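Text of run.tsv, listed as TSV, C-alpha atoms (C1' of nucleotides):
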```tsv
chain	number	residue	atom	x	y	z
A	194	MET	CA	-23.10	2.74	19.42
A	195	ASN	CA	-21.26	5.99	19.57
A	196	LYS	CA	-18.97	7.44	16.96
A	197	LYS	CA	-15.83	6.29	18.73
A	198	GLU	CA	-16.96	2.69	18.59
A	199	LEU	CA	-17.89	3.14	14.97
A	200	PHE	CA	-14.39	4.43	14.35
A	201	TYR	CA	-12.79	1.33	15.85
A	202	LYS	CA	-15.12	-0.80	13.81
A	203	LEU	CA	-14.00	1.09	10.74
A	204	VAL	CA	-10.32	0.54	11.54
A	205	SER	CA	-10.81	-3.16	11.86
A	206	PHE	CA	-12.97	-3.22	8.73
A	207	THR	CA	-10.53	-1.34	6.52
A	208	ALA	CA	-7.76	-3.63	7.76
A	209	ALA	CA	-9.87	-6.58	6.63
A	210	VAL	CA	-10.55	-4.95	3.26
A	211	HIS	CA	-6.86	-4.40	2.75
A	212	ARG	CA	-6.02	-7.94	3.70
A	213	VAL	CA	-8.61	-9.46	1.39
A	214	THR	CA	-7.62	-7.11	-1.43
A	215	ASN	CA	-4.03	-8.23	-0.96
A	216	GLU	CA	-5.10	-11.83	-1.15
A	217	LEU	CA	-7.23	-11.33	-4.26
A	218	THR	CA	-4.68	-9.28	-6.18
A	219	LYS	CA	-1.58	-11.24	-5.15
A	220	ASN	CA	0.49	-11.88	-8.29
A	221	ALA	CA	-2.39	-10.80	-10.51
A	222	LYS	CA	-0.48	-7.85	-11.93
A	223	PRO	CA	1.75	-8.20	-15.02
A	224	ASP	CA	5.30	-9.07	-13.97
A	225	SER	CA	6.65	-6.19	-15.98
A	226	ILE	CA	5.30	-3.51	-13.65
A	227	SER	CA	5.79	-2.67	-9.99
A	228	GLN	CA	3.09	-2.58	-7.35
A	229	VAL	CA	2.92	1.20	-7.40
A	230	GLN	CA	2.61	1.15	-11.17
A	231	TYR	CA	-0.17	-1.40	-10.89
A	232	ASN	CA	-2.00	0.78	-8.39
A	233	ILE	CA	-1.81	3.69	-10.78
A	234	LEU	CA	-2.95	1.53	-13.67
A	235	GLU	CA	-5.91	0.28	-11.69
A	236	PHE	CA	-6.83	3.83	-10.73
A	237	ILE	CA	-6.70	4.83	-14.38
A	238	ALA	CA	-8.74	1.79	-15.39
A	239	VAL	CA	-11.51	2.66	-12.97
A	240	ASN	CA	-11.55	6.42	-13.44
A	241	GLN	CA	-10.22	7.15	-16.90
A	242	PRO	CA	-9.56	9.60	-18.27
A	243	VAL	CA	-7.60	11.08	-15.38
A	244	THR	CA	-5.01	13.83	-15.09
A	245	PRO	CA	-1.62	13.29	-13.47
A	246	SER	CA	-2.70	15.71	-10.73
A	247	GLU	CA	-5.65	13.53	-9.86
A	248	ILE	CA	-3.33	10.57	-9.62
A	249	ASN	CA	-1.12	12.39	-7.09
A	250	ASP	CA	-4.06	13.33	-4.97
A	251	CYS	CA	-5.61	9.92	-4.91
A	252	GLN	CA	-2.49	7.82	-4.71
A	253	ASN	CA	-0.82	10.15	-2.27
A	254	MET	CA	2.27	10.71	-4.39
A	255	SER	CA	4.29	13.76	-5.33
A	256	MET	CA	3.89	15.18	-8.79
A	257	SER	CA	7.45	14.38	-9.78
A	258	ASN	CA	7.17	10.75	-8.83
A	259	THR	CA	3.82	10.38	-10.52
A	260	SER	CA	5.32	11.82	-13.65
A	261	ARG	CA	8.20	9.38	-13.53
A	262	GLU	CA	5.91	6.38	-13.05
A	263	LEU	CA	3.61	7.52	-15.84
A	264	SER	CA	6.60	7.80	-18.15
A	265	LYS	CA	7.54	4.24	-17.35
A	266	LEU	CA	3.98	3.05	-18.00
A	267	SER	CA	4.01	4.99	-21.23
A	268	GLU	CA	7.31	3.43	-22.32
A	269	LYS	CA	5.75	0.06	-21.63
A	270	LYS	CA	2.88	1.05	-23.94
A	271	LEU	CA	0.29	0.52	-21.22
A	272	ILE	CA	-1.09	4.06	-21.16
A	273	GLU	CA	-1.58	7.00	-23.51
A	274	LYS	CA	-1.44	10.68	-22.76
A	275	MET	CA	-3.49	13.35	-24.48
A	276	ILE	CA	-3.15	17.06	-24.05
A	277	ASP	CA	-6.30	18.96	-23.12
A	278	SER	CA	-7.17	21.18	-26.07
A	279	LYS	CA	-8.57	23.91	-23.83
A	280	ASP	CA	-5.81	24.06	-21.23
A	281	ARG	CA	-2.65	22.85	-22.85
A	282	ARG	CA	-0.89	22.39	-19.50
A	283	LYS	CA	-3.26	19.60	-18.62
A	284	GLN	CA	-3.11	16.02	-19.78
A	285	TYR	CA	-5.57	13.22	-19.89
A	286	VAL	CA	-4.24	9.75	-19.26
A	287	ARG	CA	-6.01	6.58	-20.33
A	288	LEU	CA	-5.16	2.94	-20.87
A	289	SER	CA	-3.77	2.05	-24.26
A	290	GLN	CA	-5.10	-1.02	-26.06
A	291	ASN	CA	-2.28	-3.04	-24.50
A	292	GLY	CA	-3.14	-1.54	-21.15
A	293	GLU	CA	-6.79	-2.52	-21.51
A	294	VAL	CA	-5.74	-6.08	-22.33
A	295	ALA	CA	-3.32	-6.22	-19.40
A	296	MET	CA	-5.93	-4.96	-16.97
A	297	LYS	CA	-8.57	-7.28	-18.36
A	298	GLU	CA	-6.25	-10.20	-17.68
A	299	ALA	CA	-5.46	-8.98	-14.17
A	300	PHE	CA	-9.14	-8.49	-13.42
A	301	ALA	CA	-9.91	-11.97	-14.73
A	302	VAL	CA	-7.53	-13.48	-12.18
A	303	ILE	CA	-8.94	-11.35	-9.40
A	304	GLU	CA	-12.51	-12.14	-10.42
A	305	THR	CA	-11.88	-15.88	-10.30
A	306	ARG	CA	-10.58	-15.56	-6.77
A	307	PHE	CA	-13.51	-13.36	-5.85
A	308	LEU	CA	-16.01	-15.89	-7.19
A	309	ASN	CA	-14.24	-18.52	-5.18
A	310	ARG	CA	-14.55	-16.37	-2.08
A	311	ILE	CA	-18.30	-15.92	-2.45
A	312	GLN	CA	-19.09	-19.40	-3.74
A	313	ASN	CA	-20.95	-20.35	-0.60
A	314	ALA	CA	-22.99	-17.17	-0.38
A	315	SER	CA	-26.72	-17.56	-0.93
A	316	LYS	CA	-28.73	-15.38	-3.28
A	317	GLU	CA	-29.96	-13.42	-0.27
A	318	ASP	CA	-26.41	-12.95	0.96
A	319	LEU	CA	-25.38	-11.54	-2.39
A	320	ILE	CA	-28.22	-9.06	-2.38
A	321	GLU	CA	-27.33	-8.01	1.13
A	322	ILE	CA	-23.68	-7.63	0.18
A	323	GLU	CA	-24.58	-5.50	-2.78
A	324	LEU	CA	-26.77	-3.20	-0.74
A	325	ALA	CA	-24.11	-2.90	1.94
A	326	ILE	CA	-21.50	-1.95	-0.65
A	327	ASP	CA	-23.82	0.69	-2.08
A	328	THR	CA	-24.53	2.11	1.36
A	329	LEU	CA	-20.90	2.37	2.39
A	330	HIS	CA	-19.77	3.65	-0.97
A	331	LYS	CA	-22.36	6.41	-0.87
A	332	LYS	CA	-22.35	7.33	2.80
A	333	LEU	CA	-18.81	6.72	3.96
A	334	PHE	CA	-16.34	6.17	1.14
A	335	HIS	CA	-17.62	8.85	-1.17
A	336	PRO	CA	-15.03	11.11	-2.86
B	251	MET	CA	-27.42	-8.26	-10.58
B	252	ASN	CA	-25.13	-11.12	-11.49
B	253	LYS	CA	-21.80	-11.95	-9.90
B	254	LYS	CA	-19.81	-10.22	-12.62
B	255	GLU	CA	-21.54	-6.93	-11.95
B	256	LEU	CA	-21.03	-7.44	-8.24
B	257	PHE	CA	-17.35	-7.94	-8.95
B	258	TYR	CA	-17.06	-4.63	-10.78
B	259	LYS	CA	-18.91	-2.97	-7.95
B	260	LEU	CA	-16.40	-4.47	-5.55
B	261	VAL	CA	-13.44	-3.22	-7.57
B	262	SER	CA	-14.77	0.29	-7.55
B	263	PHE	CA	-15.66	0.01	-3.87
B	264	THR	CA	-12.26	-1.24	-2.74
B	265	ALA	CA	-10.63	1.52	-4.77
B	266	ALA	CA	-12.78	4.00	-2.85
B	267	VAL	CA	-11.88	2.39	0.47
B	268	HIS	CA	-8.20	2.65	-0.37
B	269	ARG	CA	-8.53	6.26	-1.43
B	270	VAL	CA	-10.38	7.29	1.70
B	271	THR	CA	-8.00	5.30	3.91
B	272	ASN	CA	-5.11	7.12	2.25
B	273	GLU	CA	-6.78	10.43	2.92
B	274	LEU	CA	-7.52	9.64	6.56
B	275	THR	CA	-4.08	8.25	7.37
B	276	LYS	CA	-2.01	10.74	5.38
B	277	ASN	CA	0.84	11.94	7.60
B	278	ALA	CA	-0.79	10.41	10.65
B	279	LYS	CA	2.08	8.01	11.20
B	280	PRO	CA	5.14	8.98	13.26
B	281	ASP	CA	7.82	10.51	11.04
B	282	SER	CA	10.39	8.07	12.37
B	283	ILE	CA	8.89	5.03	10.66
B	284	SER	CA	8.24	4.06	7.06
B	285	GLN	CA	4.85	3.27	5.58
B	286	VAL	CA	5.50	-0.46	5.64
B	287	GLN	CA	6.54	-0.23	9.28
B	288	TYR	CA	3.37	1.70	10.04
B	289	ASN	CA	1.28	-0.97	8.34
B	290	ILE	CA	2.92	-3.62	10.47
B	291	LEU	CA	2.44	-1.54	13.60
B	292	GLU	CA	-1.23	-1.04	12.82
B	293	PHE	CA	-1.63	-4.75	12.21
B	294	ILE	CA	-0.02	-5.47	15.56
B	295	ALA	CA	-2.17	-2.85	17.28
B	296	VAL	CA	-5.36	-4.42	16.01
B	297	ASN	CA	-4.41	-8.08	16.42
B	298	GLN	CA	-1.84	-8.28	19.17
B	299	PRO	CA	-0.22	-10.42	20.19
B	300	VAL	CA	0.84	-11.69	16.78
B	301	THR	CA	3.68	-13.88	15.57
B	302	PRO	CA	6.09	-12.80	12.83
B	303	SER	CA	4.65	-15.55	10.64
B	304	GLU	CA	1.17	-14.05	10.90
B	305	ILE	CA	2.58	-10.71	9.87
B	306	ASN	CA	4.08	-12.22	6.69
B	307	ASP	CA	0.85	-13.87	5.74
B	308	CYS	CA	-1.32	-10.84	6.27
B	309	GLN	CA	1.03	-8.18	4.99
B	310	ASN	CA	2.18	-10.31	2.11
B	311	MET	CA	5.86	-10.11	2.98
B	312	SER	CA	8.67	-12.61	3.11
B	313	MET	CA	9.88	-13.86	6.46
B	314	SER	CA	13.29	-12.27	6.10
B	315	ASN	CA	11.91	-8.85	5.35
B	316	THR	CA	9.39	-9.07	8.15
B	317	SER	CA	12.17	-9.98	10.50
B	318	ARG	CA	14.22	-6.98	9.39
B	319	GLU	CA	11.34	-4.55	9.80
B	320	LEU	CA	10.46	-5.95	13.21
B	321	SER	CA	14.07	-5.47	14.27
B	322	LYS	CA	13.88	-1.85	13.22
B	323	LEU	CA	10.62	-1.35	15.11
B	324	SER	CA	12.21	-3.03	18.10
B	325	GLU	CA	15.27	-0.76	17.92
B	326	LYS	CA	12.89	2.18	17.88
B	327	LYS	CA	11.31	0.77	21.06
B	328	LEU	CA	7.86	0.59	19.48
B	329	ILE	CA	7.35	-3.14	19.88
B	330	GLU	CA	8.36	-5.93	22.21
B	331	LYS	CA	9.03	-9.56	21.45
B	332	MET	CA	8.32	-12.43	23.78
B	333	ILE	CA	9.28	-16.01	23.26
B	334	ASP	CA	6.49	-18.57	23.54
B	335	SER	CA	7.22	-20.68	26.59
B	336	LYS	CA	5.70	-23.79	25.02
B	337	ASP	CA	7.34	-23.60	21.61
B	338	ARG	CA	10.55	-21.67	21.94
B	339	ARG	CA	10.85	-21.13	18.19
B	340	LYS	CA	7.78	-18.93	18.22
B	341	GLN	CA	7.57	-15.31	19.24
B	342	TYR	CA	4.77	-13.06	20.25
B	343	VAL	CA	5.00	-9.46	19.20
B	344	ARG	CA	3.11	-6.64	20.87
B	345	LEU	CA	3.29	-2.88	21.09
B	346	SER	CA	5.58	-1.51	23.77
B	347	GLN	CA	4.37	1.34	25.94
B	348	ASN	CA	5.93	3.80	23.49
B	349	GLY	CA	4.27	1.92	20.66
B	350	GLU	CA	0.88	2.16	22.34
B	351	VAL	CA	1.36	5.89	22.76
B	352	ALA	CA	2.47	6.32	19.16
B	353	MET	CA	-0.49	4.39	17.82
B	354	LYS	CA	-2.89	6.20	20.11
B	355	GLU	CA	-1.66	9.49	18.66
B	356	ALA	CA	-1.93	8.24	15.10
B	357	PHE	CA	-5.44	6.94	15.70
B	358	ALA	CA	-6.43	10.25	17.27
B	359	VAL	CA	-5.47	12.09	14.07
B	360	ILE	CA	-7.29	9.55	11.94
B	361	GLU	CA	-10.36	9.63	14.17
B	362	THR	CA	-10.61	13.40	13.94
B	363	ARG	CA	-10.59	13.19	10.18
B	364	PHE	CA	-13.12	10.39	10.29
B	365	LEU	CA	-15.47	12.41	12.50
B	366	ASN	CA	-15.12	15.26	10.08
B	367	ARG	CA	-16.03	12.96	7.23
B	368	ILE	CA	-19.23	11.76	8.88
B	369	GLN	CA	-20.22	15.04	10.50
B	370	ASN	CA	-23.22	15.44	8.23
B	371	ALA	CA	-24.49	11.90	8.64
B	372	SER	CA	-27.78	11.53	10.51
B	373	LYS	CA	-28.32	9.08	13.34
B	374	GLU	CA	-30.10	6.78	10.89
B	375	ASP	CA	-27.20	7.02	8.46
B	376	LEU	CA	-24.78	5.99	11.18
B	377	ILE	CA	-26.86	2.98	12.09
B	378	GLU	CA	-27.08	2.01	8.45
B	379	ILE	CA	-23.31	2.43	8.05
B	380	GLU	CA	-22.64	0.28	11.07
B	381	LEU	CA	-24.89	-2.50	9.83
B	382	ALA	CA	-23.34	-2.35	6.38
B	383	ILE	CA	-19.85	-2.63	7.85
B	384	ASP	CA	-20.92	-5.65	9.89
B	385	THR	CA	-22.48	-7.32	6.88
B	386	LEU	CA	-19.48	-6.85	4.63
B	387	HIS	CA	-17.00	-7.75	7.32
B	388	LYS	CA	-18.81	-10.98	8.03
B	389	LYS	CA	-19.92	-12.03	4.56
B	390	LEU	CA	-17.22	-10.74	2.24
B	391	PHE	CA	-14.09	-9.59	4.02
B	392	HIS	CA	-13.88	-12.39	6.53
B	393	PRO	CA	-10.45	-14.00	7.14
C	23	DC	C1'	2.95	43.00	-21.22
C	24	DC	C1'	4.60	41.61	-16.86
C	25	DT	C1'	3.96	38.82	-12.87
C	26	DC	C1'	2.11	34.99	-10.62
C	27	DT	C1'	0.23	30.52	-10.54
C	28	DT	C1'	-0.64	25.93	-12.22
C	29	DA	C1'	0.61	21.47	-14.54
C	30	DA	C1'	3.93	18.74	-15.57
C	31	DT	C1'	8.94	17.18	-16.43
C	32	DT	C1'	13.65	16.03	-15.44
C	33	DA	C1'	17.59	15.02	-12.60
C	34	DT	C1'	19.61	13.53	-8.48
C	35	DC	C1'	20.33	11.14	-4.15
C	36	DA	C1'	19.31	8.73	0.11
C	37	DT	C1'	16.32	5.23	1.83
C	38	DT	C1'	13.26	1.53	1.59
C	39	DT	C1'	11.89	-2.53	-0.26
C	40	DG	C1'	11.97	-7.18	-2.41
C	41	DA	C1'	14.35	-11.19	-3.40
C	42	DT	C1'	17.60	-14.67	-2.40
C	43	DA	C1'	20.63	-17.54	0.05
C	44	DA	C1'	22.96	-19.29	3.94
C	45	DC	C1'	22.34	-19.95	8.78
C	46	DT	C1'	20.71	-21.03	13.90
C	47	DA	C1'	17.88	-23.16	17.10
C	48	DA	C1'	14.01	-25.60	18.52
C	49	DA	C1'	10.36	-28.90	17.59
C	50	DT	C1'	8.69	-33.17	15.39
C	51	DT	C1'	8.86	-37.55	13.36
C	52	DG	C1'	10.07	-42.11	12.58
D	90	DC	C1'	18.84	-40.45	18.36
D	91	DA	C1'	19.15	-38.95	13.47
D	92	DA	C1'	16.66	-36.65	9.94
D	93	DT	C1'	13.36	-33.38	8.81
D	94	DT	C1'	10.52	-29.51	9.45
D	95	DT	C1'	9.37	-25.13	11.38
D	96	DA	C1'	10.28	-20.32	13.03
D	97	DG	C1'	13.02	-16.89	12.72
D	98	DT	C1'	17.68	-14.26	11.71
D	99	DT	C1'	21.33	-12.19	9.11
D	100	DA	C1'	23.70	-10.55	5.06
D	101	DT	C1'	23.72	-8.87	0.56
D	102	DC	C1'	22.32	-6.70	-3.76
D	103	DA	C1'	19.42	-4.73	-7.27
D	104	DA	C1'	15.40	-2.19	-7.93
D	105	DA	C1'	11.74	0.80	-6.49
D	106	DT	C1'	10.41	4.66	-3.95
D	107	DG	C1'	10.32	9.27	-1.67
D	108	DA	C1'	12.01	13.75	-1.35
D	109	DT	C1'	13.87	17.81	-3.22
D	110	DA	C1'	15.17	21.24	-6.39
D	111	DA	C1'	15.55	23.31	-10.79
D	112	DT	C1'	13.17	23.84	-15.18
D	113	DT	C1'	9.59	24.36	-18.98
D	114	DA	C1'	5.36	25.80	-20.75
D	115	DA	C1'	0.83	27.54	-20.54
D	116	DG	C1'	-2.96	30.05	-18.37
D	117	DA	C1'	-4.78	34.03	-15.32
D	118	DG	C1'	-4.95	38.57	-13.59
D	119	DG	C1'	-3.63	43.15	-13.25
```
In structure tokens, write the structure found in this file.
Amino acid sequence: MNKKELFYKLVSFTAAVHRVTNELTKNAKPDSISQVQYNILEFIAVNQPVTPSEINDCQNMSMSNTSRELSKLSEKKLIEKMIDSKDRRKQYVRLSQNGEVAMKEAFAVIETRFLNRIQNASKEDLIEIELAIDTLHKKLFHP
Amino acid sequence: MNKKELFYKLVSFTAAVHRVTNELTKNAKPDSISQVQYNILEFIAVNQPVTPSEINDCQNMSMSNTSRELSKLSEKKLIEKMIDSKDRRKQYVRLSQNGEVAMKEAFAVIETRFLNRIQNASKEDLIEIELAIDTLHKKLFHP
DNA sequence: CCTCTTAATTATCATTTGATAACTAAATTG
DNA sequence: CAATTTAGTTATCAAATGATAATTAAGAGG
């Protein structure tokens, strides 16, 4: 197994991850927000508090567009912004109470589908899956 | 480790996969096509030949929009369509020669970045990574 | 203080995308 | 053979997105 083969394996694997993620999250987001907005919201949920700059970097957006989408999320009362007291140019973004509720609901839908997907997995399978996730997260998909 | 914890681990993991995929594929696609078109092209590259219907299902698009995007890719000479001789309603889509070249170039960029990402991994790490990918692909991210 | 850089905002415009409906042509079914 | 279903196309329209440029405000460094 050389690195080139590993690369092709990775391509096929990430394609599968994307497909399954699509399937699990299909229609799970609140109707009031777009897909891009949901992606941002999920990123905030997992990493909060985050700065708008971090959102650009990770979501591969331009600053201006991130700013626009954050404004929309803010208007919809799903997030809150706080200015950094040390560097007043910076902001910290987190979910508002409404945002937490909305994400909790979305995650509940996704979790149900996930449980359905692994319903036939044995205890040993689950342990193996967990270890594999840890390995890949640490050794390949680290920040 | 219960299933709920595993679910949260999965959420954080898939977020990491998406972030790294973003990073690896950033600007790797030909300038002449959109992100959605690139996604379709990559799907075709990995699974060809595919039917338009399969593309909808996996990319979570509607038939009409898939059809439009395939027409654009066809105009750009990146794909070819062939009618199934047995069922003349069906089509098989594959990369054209130009499409193969374009994807080969894109994959070369992505592979370089991937190699860079794993440059510090030991032989043992790589074996572990490969096994972990196989496990997850088979037990969690299967079709 | 003055200049430069960083973080974020606002405005604008072309393009892409998603959604819907109406349509063609080829199977399938009964 | 008529009716229905399946696979895909085409047209259209509103909304979302990407790209760019100009602007504000706050640090950082000399």
Using all atoms listed in the file, can you tell me which of C:DT38, C:DC45, C:DT50, C:DT32 comes closest to chain B?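 Closest to chain B of all the choices is C:DT38.
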Atom pair atom CA of B:Ser324 / atom C1' of C:DA44: separation (Å):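 Between atom CA of B:Ser324 and atom C1' of C:DA44 the gap works out to 24.1 Å.
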Between atom CA of B:Asp307 and atom CA of B:Ser282, distance in Å (one decimal):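 Pair atom CA of B:Asp307 / atom CA of B:Ser282 returns 24.8 Å.
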Give as a list in words the set of residues within 12 Å of the point (-4.3, 14.8, -8.1), where distances use the file's coordinates and all atoms listed in the file.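 Every polymer residue passing the test: Ile233, Phe236, Val243, Thr244, Pro245, Ser246, Glu247, Ile248, Asn249, Asp250, Cys251, Gln252, Asn253, Met254, Ser255, Met256, Ser257, Thr259, Ser260, Lys283, Gln284 and Tyr285 of chain A; Arg269 of chain B; DA29 and DA30 of chain C.
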Please determine, counting only C-alpha atoms, which residue among B:Met332, B:Ile283, B:Ile294, B:Leu323 has the shortest atom-to-atom distance to chain A. B:Ile294
Step by step: start from the point (12.1, 6.7, -0.3) in the file's coordinates, keep every protein, DNA or RNA residue that has an atom no farther than 9 Å from it, count all atoms listed in the file, and write the set as a compact mmCIF listing (two decimals) with C-alpha atoms (C1' of nucleotides), in the coordinates of the input.
```txt
# COMPACT_ATOMS: atom_id res chain seq x y z
CA SER B 284 8.24 4.06 7.06
C1' DA C 36 19.31 8.73 0.11
C1' DT C 37 16.32 5.23 1.83
C1' DT C 38 13.26 1.53 1.59
C1' DA D 105 11.74 0.80 -6.49
C1' DT D 106 10.41 4.66 -3.95
C1' DG D 107 10.32 9.27 -1.67
C1' DA D 108 12.01 13.75 -1.35
```
Find the residues of chain A that sit at most 8 Å from chain D; for each, write down the nearest two atoms and how far apart they are in Å, to one decimal. Count all atoms listed in the file. Sort by chain, then by number going up, and give it as a tab-separated table.
```
residue	atom	partner	partner_atom	distance
A:Ser227	CA	D:DA105	C1'	7.7
A:Asn258	CA	D:DG107	C1'	8.0
A:Asp280	CA	D:DG116	C1'	7.2
A:Arg281	CA	D:DA115	C1'	6.3
A:Arg282	CA	D:DA115	C1'	5.5
```
Which distance in Å separates atom CA of A:Glu216 and atom CA of B:His268, to one decimal?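 Result for atom CA of A:Glu216 versus atom CA of B:His268: 14.8 Å, one decimal.
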Among the residues C:DC26, C:DA43, C:DA48, C:DA33, the one that comes closest to chain A [using all atoms listed in the file]: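 For chain A, the nearest of the given residues is C:DA33.
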All residues 10 Å or closer to B:Glu292, all atoms listed in the file, same chain fewer than 6 positions away omitted, as number ranges by chain: A: 204-205, 208; B: 279, 286, 298, 345, 353, 356-357
What are the closest atom pairs, with distances in Å to one decimal, for all residues of chain B lying within 7 Å of chain A? Consider all atoms listed in the file, order rows by chain and residue number, and present the result as CSV.
```
residue,atom,partner,partner_atom,distance
B:Leu256,CA,A:Glu323,CA,6.8
B:Phe257,CA,A:Glu304,CA,6.6
B:Ser262,CA,A:Val239,CA,6.8
B:Phe263,CA,A:His330,CA,6.2
B:Ala266,CA,A:Phe334,CA,5.8
B:Val267,CA,A:Phe334,CA,5.9
B:Arg269,CA,A:Cys251,CA,5.8
B:Val270,CA,A:Phe334,CA,6.1
B:Asn272,CA,A:Asn253,CA,6.9
B:Val296,CA,A:Ser205,CA,7.0
B:Cys308,CA,A:Arg212,CA,6.1
B:Glu361,CA,A:Phe200,CA,6.6
B:Ile379,CA,A:Leu329,CA,6.2
B:Glu380,CA,A:Leu199,CA,6.8
B:Ala382,CA,A:Ala325,CA,4.5
B:Ile383,CA,A:Phe206,CA,7.0
B:Thr385,CA,A:Ile322,CA,6.8
B:Leu386,CA,A:Ile322,CA,6.2
B:His387,CA,A:Phe206,CA,6.2
B:Phe391,CA,A:Ala209,CA,5.8
```
Padding 3 Å on each side, edges along x, y and z: where is the centre of the box around the listed atoms of stretch 242-250 of chain A, and how long are its edges in Å to one decimal? Output it as lines of an AutoDock Vina configuration file.
```
center_x = -5.3
center_y = 12.7
center_z = -11.6
size_x = 14.4
size_y = 12.1
size_z = 19.3
```
